[in-house]
Each structure stands twice: as structure tokens, then as C-alpha cells.
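One file, target03.txt, is given below (compact mmCIF, C-alpha atoms).
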```
# COMPACT_ATOMS: atom_id res chain seq x y z
CA MET W 245 0.00 0.00 0.00
CA SER W 246 1.36 3.42 -0.95
CA LEU W 247 1.91 6.14 1.63
CA LEU W 248 -0.75 8.27 -0.07
CA LYS W 249 -3.29 5.46 0.16
CA ALA W 250 -2.40 4.74 3.79
CA GLY W 251 -2.72 8.43 4.68
CA LYS W 252 -6.07 8.67 2.94
CA LEU W 253 -7.42 5.64 4.78
CA GLY W 254 -6.15 7.03 8.08
CA LEU W 255 -7.92 10.33 7.52
CA LEU W 256 -11.16 8.56 6.55
CA ARG W 257 -11.03 6.53 9.78
CA VAL W 258 -10.69 9.74 11.81
CA LEU W 259 -13.55 11.42 9.95
CA GLU W 260 -15.76 8.40 10.52
CA ALA W 261 -14.80 7.92 14.18
CA THR W 262 -15.39 11.58 15.05
CA GLY W 263 -18.80 11.67 13.39
CA VAL W 264 -17.75 14.08 10.65
CA SER W 265 -18.73 11.62 7.91
CA ASP W 266 -22.16 11.08 9.44
CA ARG W 267 -22.81 14.81 9.75
CA LEU W 268 -21.78 15.36 6.16
CA ALA W 269 -24.01 12.49 5.03
CA ARG W 270 -27.01 14.20 6.67
CA SER W 271 -26.12 17.67 5.43
CA ALA W 272 -27.87 19.77 2.81
CA TRP W 273 -24.60 19.70 0.87
CA ARG W 274 -24.81 15.92 0.44
CA GLN W 275 -28.55 15.98 -0.18
CA ASP W 276 -27.96 18.19 -3.19
CA ARG W 277 -25.62 15.60 -4.72
CA LEU W 278 -26.11 12.24 -6.42
CA LEU W 279 -23.70 9.33 -6.28
CA ILE W 280 -23.87 7.08 -9.35
CA LEU W 281 -22.23 3.71 -8.76
CA CYS W 282 -20.66 1.85 -11.68
CA TYR W 283 -20.11 -1.91 -11.91
CA HIS W 284 -18.81 -4.03 -14.77
CA GLY W 285 -18.90 -7.64 -13.66
CA ILE W 286 -19.34 -10.12 -10.83
CA ALA W 287 -16.77 -12.93 -10.87
CA ARG W 288 -18.27 -16.38 -11.29
CA PHE W 289 -14.97 -18.18 -11.81
CA ASP W 290 -11.47 -16.64 -11.92
CA GLU W 291 -12.34 -13.38 -13.71
CA GLY W 292 -11.58 -11.37 -10.57
CA GLU W 293 -7.98 -12.60 -10.58
CA TRP W 294 -7.66 -11.45 -14.18
CA ASP W 295 -9.34 -8.03 -13.92
CA GLY W 296 -10.12 -5.98 -10.81
CA LEU W 297 -13.35 -4.70 -12.40
CA TYR W 298 -14.78 -8.16 -11.68
CA ILE W 299 -15.65 -8.21 -8.00
CA PRO W 300 -16.56 -11.32 -5.94
CA SER W 301 -20.27 -11.95 -5.41
CA ALA W 302 -19.84 -11.74 -1.62
CA MET W 303 -18.23 -8.32 -2.00
CA PHE W 304 -21.09 -7.10 -4.19
CA ARG W 305 -23.67 -8.26 -1.66
CA ARG W 306 -21.69 -6.51 1.09
CA ARG W 307 -21.74 -3.26 -0.91
CA MET W 308 -25.52 -3.49 -1.16
CA GLU W 309 -25.71 -4.15 2.58
CA LEU W 310 -23.66 -0.98 3.17
CA LEU W 311 -26.12 1.00 1.07
CA ALA W 312 -28.97 -0.26 3.23
CA GLU W 313 -27.10 0.16 6.53
CA SER W 314 -26.05 3.71 5.61
CA GLY W 315 -29.63 4.79 5.00
CA CYS W 316 -29.04 5.51 1.33
CA HIS W 317 -32.00 6.11 -0.95
CA VAL W 318 -31.39 4.11 -4.13
CA LEU W 319 -33.30 5.66 -7.03
CA PRO W 320 -33.79 4.76 -10.69
CA LEU W 321 -31.28 6.71 -12.75
CA GLY W 322 -33.81 8.78 -14.69
CA GLU W 323 -35.74 9.76 -11.56
CA ALA W 324 -32.52 10.53 -9.69
CA LEU W 325 -31.29 12.91 -12.40
CA GLN W 326 -34.65 14.65 -12.61
CA ARG W 327 -34.80 15.11 -8.84
CA LEU W 328 -31.19 16.32 -8.82
CA ASN W 329 -32.12 19.09 -11.24
CA ASN W 330 -35.27 19.90 -9.23
CA HIS W 331 -33.37 19.97 -5.90
CA THR W 332 -35.71 17.27 -4.50
CA LEU W 333 -33.24 14.45 -3.87
CA PRO W 334 -33.67 12.47 -0.64
CA GLU W 335 -30.77 12.09 1.78
CA ARG W 336 -27.80 10.06 0.56
CA ALA W 337 -29.19 9.58 -2.95
CA VAL W 338 -27.57 6.83 -5.01
CA ALA W 339 -28.18 5.31 -8.45
CA ILE W 340 -26.73 1.93 -9.43
CA THR W 341 -25.48 1.25 -12.96
CA PHE W 342 -23.89 -1.74 -14.69
CA ASP W 343 -22.02 -1.56 -17.99
CA ASP W 344 -22.08 -3.99 -20.94
CA GLY W 345 -24.53 -6.72 -19.87
CA PHE W 346 -22.41 -9.76 -19.17
CA VAL W 347 -24.30 -12.87 -18.11
CA ASP W 348 -22.98 -12.57 -14.55
CA PHE W 349 -25.18 -9.50 -14.15
CA TYR W 350 -28.25 -11.58 -14.93
CA GLN W 351 -27.23 -14.67 -12.97
CA VAL W 352 -25.59 -13.10 -9.91
CA ALA W 353 -26.04 -9.34 -9.54
CA LEU W 354 -29.71 -9.02 -10.45
CA PRO W 355 -30.98 -11.50 -7.83
CA VAL W 356 -28.96 -9.64 -5.17
CA LEU W 357 -30.35 -6.28 -6.26
CA GLU W 358 -33.89 -7.65 -6.28
CA SER W 359 -33.45 -9.05 -2.78
CA PHE W 360 -32.72 -5.51 -1.56
CA GLY W 361 -35.41 -3.93 -3.73
CA PHE W 362 -32.83 -1.72 -5.45
CA PRO W 363 -33.54 -0.43 -8.98
CA VAL W 364 -30.71 -0.69 -11.48
CA THR W 365 -29.73 0.66 -14.89
CA LEU W 366 -27.96 -1.65 -17.32
CA TYR W 367 -26.14 0.03 -20.18
CA LEU W 368 -26.49 -2.85 -22.65
CA THR W 369 -24.34 -3.21 -25.74
CA THR W 370 -26.25 -5.48 -28.09
CA TYR W 371 -24.19 -7.10 -30.88
CA TYR W 372 -22.95 -9.96 -28.70
CA VAL W 373 -26.42 -10.43 -27.26
CA ASP W 374 -27.50 -11.80 -30.64
CA TYR W 375 -24.17 -13.39 -31.54
CA ASN W 376 -23.87 -15.05 -28.15
CA ARG W 377 -20.23 -16.07 -28.09
CA PRO W 378 -17.41 -14.60 -25.96
CA VAL W 379 -16.90 -10.86 -26.46
CA PHE W 380 -13.75 -10.61 -28.55
CA ASP W 381 -11.73 -7.85 -26.88
CA PRO W 382 -11.94 -8.97 -23.24
CA MET W 383 -11.71 -12.67 -24.15
CA CYS W 384 -8.51 -12.02 -26.08
CA SER W 385 -6.91 -10.51 -22.98
CA TYR W 386 -8.41 -13.18 -20.71
CA LEU W 387 -7.03 -16.04 -22.82
CA LEU W 388 -3.53 -14.54 -22.77
CA TRP W 389 -3.79 -14.28 -18.98
CA LYS W 390 -5.27 -17.78 -18.70
CA GLY W 391 -2.36 -19.27 -20.65
CA ARG W 392 0.35 -17.22 -18.97
CA ASP W 393 1.99 -20.27 -17.35
CA LYS W 394 2.99 -21.43 -20.81
CA GLY W 395 5.61 -18.68 -20.63
CA VAL W 396 5.90 -18.02 -24.35
CA LEU W 397 3.36 -17.83 -27.16
CA ASN W 398 4.60 -19.18 -30.49
CA TRP W 399 2.24 -18.11 -33.27
CA PRO W 400 4.20 -17.54 -36.50
CA GLY W 401 1.05 -16.68 -38.43
CA MET W 402 0.37 -13.78 -36.06
CA PHE W 403 3.75 -12.75 -34.62
CA GLY W 404 7.15 -12.72 -36.24
CA SER W 405 8.82 -13.95 -33.06
CA PRO W 406 7.73 -15.70 -29.83
CA VAL W 407 5.83 -13.52 -27.35
CA THR W 408 6.75 -13.58 -23.67
CA LEU W 409 3.60 -13.97 -21.59
CA ASP W 410 4.52 -11.63 -18.78
CA LYS W 411 2.19 -8.72 -18.04
CA GLU W 412 3.74 -6.37 -20.59
CA GLY W 413 4.03 -9.07 -23.22
CA ARG W 414 0.39 -10.05 -22.80
CA SER W 415 -0.69 -6.43 -23.10
CA GLN W 416 1.28 -5.92 -26.30
CA ALA W 417 0.02 -9.20 -27.76
CA ALA W 418 -3.60 -8.30 -27.00
CA ARG W 419 -3.21 -4.90 -28.68
CA ALA W 420 -1.63 -6.52 -31.73
CA ILE W 421 -4.33 -9.19 -32.10
CA LYS W 422 -7.16 -6.69 -31.67
CA GLY W 423 -5.47 -4.35 -34.13
CA ILE W 424 -5.18 -7.07 -36.77
CA ALA W 425 -8.83 -8.05 -36.30
CA LEU W 426 -9.82 -4.42 -36.83
CA GLU W 427 -7.48 -3.91 -39.78
CA ARG W 428 -8.80 -7.03 -41.52
CA ASP W 429 -12.40 -6.07 -40.72
CA LEU W 430 -13.09 -9.53 -39.32
CA SER W 431 -16.68 -10.58 -38.72
CA GLY W 432 -17.86 -11.84 -35.35
CA ARG W 433 -17.49 -15.45 -36.52
CA GLN W 434 -14.01 -14.81 -37.86
CA LYS W 435 -12.98 -13.20 -34.58
CA ASP W 436 -14.41 -16.13 -32.67
CA ALA W 437 -12.33 -18.49 -34.81
CA LEU W 438 -9.30 -16.34 -34.05
CA LEU W 439 -9.99 -16.68 -30.33
CA ALA W 440 -10.26 -20.45 -30.70
CA GLU W 441 -6.90 -20.52 -32.49
CA LEU W 442 -5.31 -18.34 -29.78
CA ALA W 443 -6.66 -20.64 -27.06
CA SER W 444 -5.27 -23.67 -28.88
CA LYS W 445 -1.82 -22.08 -29.09
CA LEU W 446 -2.00 -21.40 -25.34
CA GLY W 447 -3.31 -24.84 -24.37
CA VAL W 448 -6.61 -23.42 -23.07
CA ASP W 449 -9.89 -25.28 -23.61
CA TYR W 450 -11.91 -22.64 -25.44
CA GLU W 451 -15.10 -24.64 -25.85
CA GLU W 452 -15.16 -25.40 -22.13
CA LEU W 453 -15.03 -21.67 -21.46
CA CYS W 454 -17.87 -21.18 -23.93
CA GLN W 455 -19.98 -23.85 -22.26
CA ARG W 456 -19.58 -21.99 -18.96
CA ARG W 457 -20.42 -18.75 -20.81
CA VAL W 458 -17.29 -16.97 -19.61
CA LEU W 459 -17.29 -13.37 -20.92
CA HIS W 460 -20.63 -13.87 -22.69
CA LEU W 461 -23.31 -11.22 -22.69
CA VAL W 462 -26.88 -12.08 -21.82
CA ASN W 463 -28.83 -13.73 -24.64
CA PRO W 464 -32.04 -12.28 -26.15
CA GLU W 465 -34.31 -14.29 -23.86
CA GLU W 466 -32.44 -13.11 -20.77
CA ALA W 467 -32.45 -9.51 -21.99
CA ALA W 468 -36.22 -9.67 -22.50
CA ASP W 469 -36.67 -11.21 -19.05
CA MET W 470 -34.69 -8.35 -17.50
CA GLY W 471 -36.87 -5.83 -19.28
CA ALA W 472 -39.96 -7.58 -17.95
CA ARG W 473 -38.51 -7.53 -14.43
CA GLY W 474 -38.07 -3.76 -14.51
CA VAL W 475 -34.37 -3.44 -15.29
CA ASP W 476 -33.76 -0.06 -16.94
CA LEU W 477 -32.03 -0.99 -20.24
CA GLU W 478 -30.10 1.96 -21.63
CA LEU W 479 -27.74 2.71 -24.51
CA HIS W 480 -24.11 1.59 -24.72
CA THR W 481 -23.74 1.37 -28.56
CA HIS W 482 -24.49 -1.78 -30.56
CA ARG W 483 -20.91 -2.93 -31.16
CA HIS W 484 -19.21 -1.33 -28.14
CA ARG W 485 -17.64 1.19 -30.49
CA GLU W 486 -17.67 4.97 -30.68
CA TYR W 487 -16.99 7.10 -33.76
CA ARG W 488 -15.47 10.53 -34.12
CA GLY W 489 -18.03 11.53 -36.75
CA GLN W 490 -21.65 12.27 -35.89
CA ALA W 491 -23.25 10.13 -38.62
CA ARG W 492 -21.47 6.92 -37.62
CA MET W 493 -21.95 7.63 -33.93
CA TRP W 494 -25.68 8.11 -34.49
CA GLY W 495 -25.72 4.88 -36.50
CA GLU W 496 -24.29 2.95 -33.55
CA LEU W 497 -26.84 4.52 -31.22
CA GLU W 498 -29.74 3.80 -33.56
CA ASP W 499 -28.71 0.15 -34.00
CA ASN W 500 -28.47 -0.12 -30.22
CA ARG W 501 -31.83 1.58 -29.66
CA GLN W 502 -33.66 -0.59 -32.17
CA ARG W 503 -32.33 -3.76 -30.57
CA LEU W 504 -33.18 -2.58 -27.05
CA ALA W 505 -36.75 -1.91 -28.20
CA THR W 506 -37.22 -5.67 -28.66
CA PHE W 507 -36.33 -6.28 -25.01
CA SER W 508 -38.17 -3.48 -23.22
CA PRO W 509 -41.06 -1.11 -23.98
CA ARG W 510 -39.21 1.75 -22.28
CA GLU W 511 -37.52 4.17 -24.64
CA PRO W 512 -33.81 4.45 -23.74
CA ARG W 513 -32.80 8.05 -23.10
CA HIS W 514 -29.50 7.63 -21.28
CA PHE W 515 -26.04 6.60 -22.50
CA CYS W 516 -22.73 5.36 -21.11
CA TYR W 517 -19.46 5.98 -22.93
CA THR W 518 -17.73 2.75 -23.98
CA GLY W 519 -14.51 2.36 -22.05
CA GLY W 520 -15.29 5.71 -20.46
CA VAL W 521 -13.96 7.43 -23.61
CA HIS W 522 -15.47 10.76 -24.56
CA LEU W 523 -14.38 13.46 -27.00
CA PRO W 524 -15.38 17.14 -26.81
CA GLN W 525 -17.92 16.75 -29.61
CA PHE W 526 -19.75 13.78 -28.04
CA PRO W 527 -22.07 15.69 -25.67
CA GLY W 528 -23.42 17.62 -28.65
CA TYR W 529 -23.94 14.42 -30.66
CA LEU W 530 -25.89 12.85 -27.81
CA ARG W 531 -27.99 15.94 -27.10
CA ASP W 532 -28.94 16.26 -30.76
CA PHE W 533 -29.81 12.54 -30.86
CA GLY W 534 -32.41 13.26 -28.20
CA LEU W 535 -30.76 11.75 -25.15
CA LEU W 536 -30.94 13.14 -21.63
CA SER W 537 -27.65 12.06 -20.05
CA ALA W 538 -24.35 10.25 -20.48
CA THR W 539 -22.09 8.83 -17.79
CA THR W 540 -18.31 8.63 -17.68
CA CYS W 541 -15.88 6.72 -15.47
CA GLU W 542 -14.56 9.89 -13.84
CA PRO W 543 -14.93 9.72 -10.02
CA GLY W 544 -17.21 12.24 -8.34
CA LEU W 545 -20.67 13.22 -7.15
CA CYS W 546 -23.18 14.72 -9.58
CA THR W 547 -24.45 18.24 -8.89
CA THR W 548 -26.81 20.59 -10.70
CA SER W 549 -23.75 22.18 -12.33
CA SER W 550 -22.56 18.85 -13.78
CA ASN W 551 -22.71 18.54 -17.54
CA PRO W 552 -25.57 16.02 -18.02
CA PHE W 553 -23.55 14.38 -20.81
CA LEU W 554 -20.36 14.08 -18.74
CA LEU W 555 -21.72 12.74 -15.45
CA PRO W 556 -19.19 11.28 -13.00
CA ARG W 557 -19.54 7.83 -11.44
CA LEU W 558 -17.77 5.86 -8.75
CA VAL W 559 -16.33 2.75 -10.42
CA ASP W 560 -16.37 0.06 -7.75
CA THR W 561 -13.43 -2.37 -7.86
CA VAL W 562 -11.73 -4.93 -5.63
CA GLY W 563 -9.20 -2.24 -4.76
CA LEU W 564 -11.81 -0.05 -3.06
CA SER W 565 -12.14 -0.78 0.66
CA ASP W 566 -15.41 -0.75 2.59
CA LEU W 567 -14.13 2.35 4.40
CA GLU W 568 -13.63 4.20 1.11
CA PHE W 569 -17.00 3.01 -0.18
CA ARG W 570 -18.75 4.31 2.96
CA ALA W 571 -16.91 7.61 2.53
CA TRP W 572 -18.34 8.02 -0.94
CA LEU W 573 -21.83 7.24 0.32
CA ALA W 574 -21.42 9.95 2.95
CA GLY W 575 -19.76 12.42 0.60
CA THR W 576 -16.33 12.61 2.23
CA GLY W 577 -14.87 10.65 -0.67
CA GLN W 578 -15.51 13.67 -2.87
CA LEU W 579 -13.45 15.92 -0.61
CA LEU W 580 -10.24 13.88 -0.81
CA PRO W 581 -7.84 13.71 -3.78
CA THR W 582 -8.76 11.07 -6.36
CA ARG W 583 -6.78 9.61 -9.19
CA PRO W 584 -8.30 10.77 -12.50
CA TYR W 585 -9.63 8.11 -14.83
CA ARG W 586 -7.17 7.38 -17.63
CA GLN W 587 -8.99 7.25 -20.94
CA THR W 588 -7.83 4.79 -23.59
CA GLU W 589 -9.06 5.01 -27.14
CA GLY W 590 -9.31 1.26 -27.77
CA GLN W 591 -13.06 1.53 -28.40
CA LEU W 592 -12.81 4.68 -30.52
CA LEU W 593 -12.83 4.34 -34.30
CA GLU W 594 -12.63 6.59 -37.28
CA ASP W 595 -15.57 6.73 -39.67
CA ALA W 596 -14.90 3.42 -41.42
CA ASP W 597 -17.70 0.85 -41.60
CA PRO W 598 -17.87 -1.29 -38.44
CA ALA W 599 -17.34 -5.04 -38.69
CA ASP W 600 -20.29 -7.31 -38.00
```

Show me the file's structure as C-alpha cells.
Amino acid sequence: MSLLKAGKLGLLRVLEATGVSDRLARSAWRQDRLLILCYHGIARFDEGEWDGLYIPSAMFRRRMELLAESGCHVLPLGEALQRLNNHTLPERAVAITFDDGFVDFYQVALPVLESFGFPVTLYLTTYYVDYNRPVFDPMCSYLLWKGRDKGVLNWPGMFGSPVTLDKEGRSQAARAIKGIALERDLSGRQKDALLAELASKLGVDYEELCQRRVLHLVNPEEAADMGARGVDLELHTHRHREYRGQARMWGELEDNRQRLATFSPREPRHFCYTGGVHLPQFPGYLRDFGLLSATTCEPGLCTTSSNPFLLPRLVDTVGLSDLEFRAWLAGTGQLLPTRPYRQTEGQLLEDADPAD
């Protein structure tokens, strides 16, 4: 643990022990602010060891318990944003969001949320809902991690020389494979075949992973069931891609919206940036498309002065302690220095036609 982290935790303990956090939580200052929580996945197998965005199911349930124990009012996202603008938020207002729509949300997170009676927004990207195989980008990285004990990846058809499977080597290999798939404009089936070939080179049983639905999104039947159960299905692009140009960006949103309409009668009016990536022109694109809000991965509490198309969220990870989580619920988390979210443009394309 770094000295900065240790000092921050020490200060939070003092603020909590002296009642400062509780007073802030009950203050008018906190009541005029909304905390939007962001989750990506709940680990069903070893995903949490691979990526800290996948949190254990017990940890997720504990977070929901903390919301209840702290007296937080969990609101649907649309209602929360409307009440924020009207200055009618209840004390300790929170909205819960999930990105992408992996099957672990449906199988693990949703039953937990329903047991607490908490509403939730799912920003659902839809291409891999219909083509229900592993999502290419994360599965590429996961396979390289899964086969790391092999030490070296020999794949003459892909790389000119053997690739060392340490952390840096895996990262470079993943970027290269994803880049080639994009350059060759591979279809979903072609990318799936590429994943199968990668797994074979690494000695990983790809079909066994597919049978367990590792890194699969929900299927159409599950998406429709979520809509029927009241999950707020919102926009996250169809192919998990963003475009610099307005026409292609609107095309992604329209494809996403049309597919969501088959799962839920509610019209989606809210958006989440893929990978948290946003360019200066994006808020204008979204506003002109008729949307009401867009969320980022930047940490912070929403206020009436927040740009509705650049709303901050707290991304919950295994690296966030219960103490820090409680501090964000109270509002003290906002008052301490935070590390800014580092945007990567891996999901950002030019205006070329997207691959199916």
C-alpha cells in the first residue's frame, strides 16, 4: 500500500470515528448531490484474478448491505437525475449502474439487487447479445492471462517472433491481435475463430469456457426477461464502439436503440461511454440525438452544475475498501484527492464501416 493510500485511509477513519462523515451524510450539501455507482462484472470463476473490475459476489452483496445500513435512498437513474435538477433528492441519494450486460449481471447481480429492492440501470451493448459467443476484446486478454503459465506464445502466423507472456508481453500481444482483427475487418465469426486458435496455441480449452459462458453477454431471452422484471435498459452502442463523426456515432446509437426496443417497452434516453472514452464533440452528438444524459468513469458526485452528458460515477473495484465506499456514500470521498480516470481510445474508431 502506498503512503498516499495509507494516509487517505487514516484520515477517513478519523472522519468516521469523530462523526464528521455522518454529519456530512445528513447535510444539505450531500442531499444536493447524487452518487452514481458503476459496476462491470461479478466474478463467477477466476475473472476477478484477471481483472479488478470483476468483484466477488460476496463483496457485491456486502456493498448493497452498506447502502442499506447507511440509510441511502437508491433511485432509478432517470428519476434521480430529474430530482437532482429539481433539488428534491432524498438524503444520501444513489443510483446503481452496470455496464455492458455480461451474463454474470443476470445470474448473480440481479438477484442480489432484487433481494434488496434496489432499482438498477444496465447500459447494454447489443451485438454480442445476438451473436452469443465470448466478447472478442476482453476474451482475447483473458485467454492470454489464462495461458500465462505457458511462458511463451509461439504463433508464426500472427507474430514474427515468440511472445513472452509476462504482463507487458500479454498487453502488447492483446493490442496486436485486436489491431489485426480491426485492420482485416473480421466478422464476429471470424474473430471467434481467431480466439479459438489463440486458445489452442496457449493450451486453453476454449469450448469449455464457452460452455460456462465466460465473458458472454446475456442472450435475447435473458435480456427480454430483465426488461420484464423492470431493469432499466439503456444505450451503450451496438458494437461497443464509438466514432469521431456524428453520422457513424448516431448509427451505432440507432442500432443499439432498435435492438433494445425488442427487449423493453421503455424508450432508452441515457447513455454510457464505452470504455469511459469521450471526446469534446460527443455531448453535442448525444444531445442532438435526443438523449438526456451520459455517464463517464470519472470519479465524483453529480451536482446541478454537472454537464448532463459528462456525469461522473464511482467505479467500484476490488481495490476499493469498505471504508472508502462508505466515505463516498457519505460524501467525504468527494473531498479527498482522487486519481483521474485514464482514458484509452481502444473503443474509438474513425468513420470506417464497423465489422459485424

Atom-to-atom span, atom CA of W:Asn398 and atom CA of W:Gly423, Å | 18.3 Å

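Taking all atoms listed in the file into account, W:Pro527 lies nearest to W:Thr540 out of the set W:Thr540, W:Thr561, W:Ser385, W:Gln275.
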
Who sits within 9 Å of W:Thr369, only C-alpha atoms, same chain under 4 positions skipped, as JSON, numbers by chain = {"W": [343, 344, 345, 373, 461, 478, 479, 480, 481, 482, 483, 484, 500, 504]}

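Computed from the coordinates, the atom CA of W:Ser405 to atom CA of W:Ser444 distance equals 17.6 Å.
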
Give the answer as one residue: which of W:Glu496, W:Glu452, W:Glu335, W:Glu358 has the shortest atom-to-atom distance to W:Asp266, using only C-alpha atoms?
-> W:Glu335

Within 6 Å of stretch 314-327 of chain W, counting only C-alpha atoms, which residues qualify if same-chain residues fewer than 2 places away don't, as an NGL selection string?
-> :W and (310-312 or 329-333 or 336-339 or 363)

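What separates atom CA of W:Asn463 from atom CA of W:Val475 is a distance of 15.0 Å.
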
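For W:Arg510, the non-local neighbours within 9 Å, defined as residues at least 2 positions apart in the same chain or in other chains and counting only C-alpha atoms, are Gly471, Asp476, Leu477, Leu504, Ala505, Phe507, Ser508 and Pro512 of chain W.
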
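For the choices W:Gly447, W:Gly474, W:Pro543, W:Pro552, the atom-to-atom distance to W:Lys394 is smallest for W:Gly447 when using only C-alpha atoms.
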
Excluding stretch 279-295 of chain W and residues on its chain fewer than 5 positions from it, collect all residues at most 9 Å away from it, counting only C-alpha atoms, and give them as a PyMOL selection string.
-> chain W and resi 300-301+304+321+336-349+352-353+385-386+389-390+458-459+539+541+544-546+555-562+572-573+575

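Using all atoms listed in the file for every distance, the candidate list W:Pro334, W:Pro464, W:Pro378, W:Gly404 yields W:Pro378 as the residue closest to W:Asp436.
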
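Of the residues listed (W:Ala261, W:Leu497, W:Ala269, W:Val364), W:Val364 shows the shortest atom-to-atom separation from W:Met308; distances use all atoms listed in the file.
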
Can you sort out the box for stretch 316-322 of chain W, edges along x, y and z, all listed atoms in, 4 Å on every side, with centre and edge lengths in Å to one decimal, as JSON?
```
{"center_x": -31.4, "center_y": 6.4, "center_z": -6.7, "size_x": 12.8, "size_y": 12.7, "size_z": 24.0}
```
